[in-house]
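Visitor: Input structure: work_35.txt, which contains compact mmCIF, C-alpha atoms.
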# COMPACT_ATOMS: atom_id res chain seq x y z
CA MET A 260 67.40 77.86 101.43
CA LYS A 261 69.77 77.52 104.37
CA VAL A 262 72.72 78.38 102.19
CA GLN A 263 70.99 81.55 101.03
CA THR A 264 70.29 82.64 104.61
CA LYS A 265 73.87 82.01 105.66
CA SER A 266 75.13 83.93 102.63
CA LYS A 267 72.96 86.92 103.52
CA LYS A 268 74.31 86.88 107.08
CA VAL A 269 77.90 86.74 105.83
CA ASN A 270 77.29 89.56 103.35
CA LYS A 271 75.64 91.69 106.03
CA ALA A 272 78.56 91.10 108.41
CA TRP A 273 81.09 91.98 105.70
CA LEU A 274 79.18 95.13 104.76
CA ASN A 275 79.02 96.19 108.42
CA ASP A 276 82.79 95.65 108.84
CA HIS A 277 83.48 97.48 105.58
CA VAL A 278 81.37 100.54 106.43
CA ASN A 279 83.01 100.84 109.86
CA ASP A 280 86.55 100.13 108.63
CA PRO A 281 88.84 103.06 109.55
CA TYR A 282 90.84 102.63 106.33
CA VAL A 283 87.67 102.77 104.24
CA LYS A 284 86.72 106.03 105.97
CA LEU A 285 90.26 107.38 105.52
CA ALA A 286 90.23 106.48 101.82
CA GLN A 287 86.96 108.34 101.37
CA ARG A 288 88.36 111.43 103.10
CA GLU A 289 91.64 111.41 101.19
CA GLY A 290 90.16 110.62 97.79
CA TYR A 291 91.45 107.09 97.25
CA ARG A 292 89.32 104.63 95.32
CA ALA A 293 90.02 101.79 97.75
CA ARG A 294 91.53 101.14 101.19
CA ALA A 295 94.28 99.14 99.41
CA ALA A 296 96.20 102.41 98.98
CA TYR A 297 97.22 102.23 102.64
CA LYS A 298 98.75 98.78 102.24
CA LEU A 299 101.17 100.15 99.64
CA LYS A 300 101.69 103.26 101.76
CA GLU A 301 102.84 101.18 104.74
CA ILE A 302 105.19 99.10 102.60
CA ASP A 303 106.64 102.24 101.02
CA GLU A 304 107.12 103.97 104.37
CA ALA A 305 108.85 100.90 105.79
CA LEU A 306 111.25 100.41 102.88
CA GLY A 307 111.43 103.78 101.09
CA LEU A 308 110.72 102.32 97.67
CA ILE A 309 109.12 105.28 95.87
CA ARG A 310 110.85 108.50 94.83
CA PRO A 311 110.21 111.33 92.32
CA GLY A 312 111.55 110.70 88.83
CA GLN A 313 111.11 106.94 88.93
CA THR A 314 109.66 104.70 86.25
CA ILE A 315 106.98 102.51 87.85
CA VAL A 316 104.68 99.79 86.52
CA ASP A 317 101.44 98.89 88.34
CA LEU A 318 100.19 95.39 87.40
CA GLY A 319 96.54 94.57 88.08
CA SER A 320 95.89 98.25 88.73
CA ALA A 321 92.07 98.48 88.72
CA PRO A 322 90.30 100.21 90.39
CA GLY A 323 93.36 102.47 90.67
CA ALA A 324 94.08 103.09 94.36
CA TRP A 325 97.72 102.00 94.06
CA SER A 326 98.16 104.14 90.94
CA GLN A 327 96.72 107.09 92.86
CA TYR A 328 99.17 106.57 95.72
CA LEU A 329 102.12 106.17 93.36
CA ARG A 330 101.14 109.31 91.47
CA ARG A 331 100.98 111.37 94.66
CA ARG A 332 104.28 109.97 95.97
CA ILE A 333 106.34 110.87 92.92
CA ALA A 334 104.69 114.29 92.49
CA PRO A 335 105.86 117.52 94.14
CA GLU A 336 104.25 117.88 97.57
CA GLY A 337 102.03 114.86 96.95
CA ALA A 338 99.82 116.56 94.36
CA ALA A 339 97.02 114.46 92.86
CA SER A 340 97.14 116.36 89.57
CA GLY A 341 99.60 118.35 87.48
CA GLU A 342 103.11 117.55 86.31
CA VAL A 343 104.56 114.14 87.17
CA PRO A 344 108.39 113.94 87.41
CA GLY A 345 108.56 110.31 86.35
CA THR A 346 106.67 107.65 84.41
CA LEU A 347 103.73 105.69 85.77
CA ILE A 348 102.26 102.87 83.69
CA ALA A 349 99.26 100.85 84.88
CA LEU A 350 97.97 97.63 83.31
CA ASP A 351 94.86 95.55 83.91
CA ILE A 352 92.52 93.22 82.05
CA LEU A 353 89.68 95.26 83.62
CA PRO A 354 88.86 98.88 82.72
CA MET A 355 90.14 101.59 85.07
CA GLU A 356 88.96 105.16 85.41
CA PRO A 357 91.78 107.54 84.40
CA VAL A 358 94.28 108.71 87.02
CA ASP A 359 95.96 112.00 86.15
CA GLY A 360 99.54 111.43 84.98
CA VAL A 361 99.17 107.63 84.72
CA HIS A 362 99.38 105.82 81.39
CA PHE A 363 96.81 103.01 81.44
CA ILE A 364 96.95 99.93 79.21
CA LEU A 365 93.88 97.72 79.02
CA GLY A 366 94.88 94.13 78.43
CA ASP A 367 96.98 91.13 79.49
CA PHE A 368 100.70 91.96 79.70
CA ARG A 369 101.50 88.44 78.44
CA GLU A 370 99.99 89.30 75.05
CA ASP A 371 102.31 90.60 72.33
CA ALA A 372 100.20 93.66 71.49
CA VAL A 373 100.02 94.73 75.15
CA ALA A 374 103.73 94.06 75.70
CA GLN A 375 104.46 96.26 72.69
CA GLN A 376 102.37 99.12 74.10
CA LEU A 377 104.32 98.85 77.34
CA SER A 378 107.64 98.75 75.49
CA ASP A 379 106.68 101.88 73.52
CA LEU A 380 105.81 103.77 76.71
CA LEU A 381 109.03 102.71 78.43
CA GLY A 382 111.10 103.80 75.45
CA GLY A 383 113.98 101.53 76.41
CA ARG A 384 114.19 102.79 80.00
CA PRO A 385 114.59 100.23 82.80
CA VAL A 386 111.91 100.14 85.49
CA ASP A 387 112.60 101.25 89.08
CA LEU A 388 109.61 99.60 90.70
CA VAL A 389 106.96 97.03 89.79
CA VAL A 390 103.92 96.68 92.05
CA SER A 391 101.33 93.93 91.69
CA ASP A 392 98.04 93.77 93.55
CA MET A 393 96.82 91.04 91.19
CA ALA A 394 94.58 88.39 92.70
CA PRO A 395 92.64 85.60 90.97
CA ASN A 396 88.92 84.95 91.18
CA LEU A 397 88.85 82.33 93.91
CA SER A 398 86.90 79.11 93.39
CA GLY A 399 86.88 77.92 96.99
CA ILE A 400 88.88 74.84 96.00
CA ALA A 401 92.09 75.22 98.00
CA ALA A 402 94.50 73.46 95.63
CA SER A 403 93.15 75.25 92.57
CA ASP A 404 93.17 78.67 94.27
CA ALA A 405 96.74 78.16 95.55
CA ALA A 406 97.90 77.33 92.03
CA ARG A 407 96.21 80.46 90.61
CA ILE A 408 97.78 82.68 93.26
CA SER A 409 101.24 81.19 92.70
CA HIS A 410 100.87 81.63 88.94
CA LEU A 411 100.20 85.35 89.30
CA VAL A 412 103.19 85.75 91.63
CA GLU A 413 105.39 83.89 89.14
CA LEU A 414 104.16 86.13 86.30
CA ALA A 415 104.97 89.27 88.30
CA VAL A 416 108.46 87.97 89.13
CA ALA A 417 109.16 87.04 85.50
CA PHE A 418 107.92 90.44 84.31
CA SER A 419 110.08 92.23 86.90
CA LEU A 420 113.24 90.29 86.08
CA ALA A 421 112.77 91.27 82.44
CA HIS A 422 112.27 94.98 83.11
CA LEU A 423 113.81 96.08 86.44
CA ARG A 424 117.05 98.00 86.76
CA PRO A 425 119.75 96.37 88.97
CA ALA A 426 118.59 98.19 92.10
CA GLY A 427 114.89 97.92 91.25
CA ALA A 428 112.16 96.36 93.39
CA LEU A 429 108.99 94.31 93.13
CA VAL A 430 106.02 94.38 95.52
CA VAL A 431 103.53 91.55 94.99
CA LYS A 432 100.39 90.38 96.77
CA SER A 433 100.38 86.83 98.08
CA PHE A 434 98.45 84.72 100.59
CA HIS A 435 99.62 82.47 103.41
CA GLY A 436 98.76 78.87 102.70
CA SER A 437 99.61 76.19 100.16
CA GLY A 438 102.30 77.37 97.78
CA TYR A 439 103.43 80.34 99.89
CA SER A 440 106.78 78.82 100.91
CA GLN A 441 107.54 78.14 97.25
CA GLN A 442 106.79 81.78 96.44
CA VAL A 443 109.21 82.94 99.14
CA LYS A 444 111.81 80.54 97.73
CA LEU A 445 111.29 82.02 94.25
CA PHE A 446 111.83 85.54 95.63
CA LYS A 447 115.01 84.51 97.44
CA GLU A 448 116.32 82.94 94.23
CA SER A 449 115.34 85.97 92.14
CA PHE A 450 116.28 88.95 94.34
CA ARG A 451 119.20 89.90 96.56
CA ILE A 452 116.79 91.02 99.30
CA CYS A 453 113.44 89.37 100.10
CA LYS A 454 111.06 90.82 102.69
CA PRO A 455 107.59 89.49 103.57
CA ILE A 456 105.33 92.24 104.95
CA LYS A 457 101.83 92.13 106.46
CA PRO A 458 100.60 95.76 106.52
CA LYS A 459 98.30 96.85 109.31
CA ALA A 460 95.84 97.89 106.61
CA SER A 461 95.43 94.22 105.66
CA ARG A 462 92.50 92.85 107.60
CA ASP A 463 93.44 90.59 110.52
CA LYS A 464 91.14 87.83 109.25
CA SER A 465 92.75 87.86 105.81
CA ALA A 466 95.57 85.50 104.80
CA GLU A 467 96.80 88.27 102.54
CA THR A 468 100.44 89.28 102.79
CA PHE A 469 102.99 90.94 100.49
CA LEU A 470 106.40 89.91 99.25
CA VAL A 471 109.02 92.52 98.41
CA GLY A 472 112.06 91.70 96.31
CA ILE A 473 114.88 94.23 95.90
CA GLY A 474 117.78 93.94 93.47
CA PRO A 475 117.08 91.33 90.79
CA LYS A 476 119.83 88.74 90.55
CA VAL A 477 121.72 88.49 87.27
CA GLY A 478 120.58 85.40 85.40
CA ALA A 479 117.59 84.83 87.70
CA GLU A 480 115.26 85.05 84.71
CA THR A 481 116.58 81.66 83.60
CA LEU A 482 115.44 79.91 86.82
Take the structure I supplied and represent it as structure tokens, if you would.
Guide:
Amino acid sequence: MKVQTKSKKVNKAWLNDHVNDPYVKLAQREGYRARAAYKLKEIDEALGLIRPGQTIVDLGSAPGAWSQYLRRRIAPEGAASGEVPGTLIALDILPMEPVDGVHFILGDFREDAVAQQLSDLLGGRPVDLVVSDMAPNLSGIAASDAARISHLVELAVAFSLAHLRPAGALVVKSFHGSGYSQQVKLFKESFRICKPIKPKASRDKSAETFLVGIGPKVGAETL
């Protein structure tokens, strides 16, 4: 019974913080499905990663806020609909409501059938940018959760090394804690430039951070 009461208090506190969150209010005003759009926006503004005409892959895209931001960034005058001068491909194991101009693939990109769909959409073109907001369902067991997080980061790096052009970039979600230093090491081994970024839109209480790798190293896929 005590656990239930504590859980209700925690949920009420989270809901209160969420409702009053300035990024939640901003997302509602600007038509984004989640406040996460502003995390990618800050990273993009800091590093200038996104440009019209690019080929971009969004891993773990649901509910679609990052796909929405990407679509507006590569479109003329930031339009949310109409012609897209580039290619945007989103993948997730969860369904996602359509985003105008974004090709969505439902499934696990490690599966052959899903990889083939992606290959068909790319048509042999290298990718300019891979973004990954993937996060595992956390169990509360620190060692297990750290391993799951690291695994998703490793999958995103392996995918990027297989598809990125020489000047391409990867943005991936991570978390400070066990395994983080190994993830940074992997990025430094895999990319010419490695930048950790904690956007202001990430909640202060959260251990969430992002790793950006620019310029995949030749032969890094064999690491």
Visitor: Draw an axis-aligned box over all listed atoms of segment 379-398 of chain A, pad each side with 6 Å, and write its centre and edge lengths in Å, one decimal, as AutoDock Vina command-line options.
Guide:
--center_x 100.7 --center_y 91.5 --center_z 83.7 --size_x 39.7 --size_y 36.7 --size_z 32.4
Visitor: So, counting only C-alpha atoms, which residue among A:Lys298, A:Arg292, A:Arg369, A:Arg384 is closest to Ser461 of chain A?
Guide: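 Closest to Ser461 of chain A of all the choices is A:Lys298.
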Visitor: Near segment 330-337 of chain A, counting only C-alpha atoms, which residues have an atom at most 8 Å away, once you skip same-chain residues fewer than 5 positions from it, shown as an MDAnalysis selection string?
Guide: chainID A and resid 309:313 342:345 347 359:361
Visitor: Kindly give the distance, in Å, that separates atom CA of His410 of chain A and atom CA of Val390 of chain A, rounded to a single decimal.
Guide: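 Answer for the atom CA of His410 of chain A to atom CA of Val390 of chain A separation: 15.7 Å.
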Visitor: Of the candidates A:Tyr439, A:Tyr297, A:Phe368, A:Tyr328, which one gets nearest to Asp351 of chain A if we count all atoms listed in the file?
Guide: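 Selected residue with least distance to Asp351 of chain A: A:Phe368.
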Visitor: Counting all atoms listed in the file, which residue out of A:Ser320, A:Ser419, A:Ser398, A:Gln442 sits closest to Thr468 of chain A?
Guide: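 The closest residue to Thr468 of chain A is A:Gln442.
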Visitor: I'd like to know which of A:Glu448, A:Val316, A:Val412, A:Gly436 is closest to Ala466 of chain A, using only C-alpha atoms.
Guide: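 Among the listed residues, the smallest separation from Ala466 of chain A belongs to A:Gly436.
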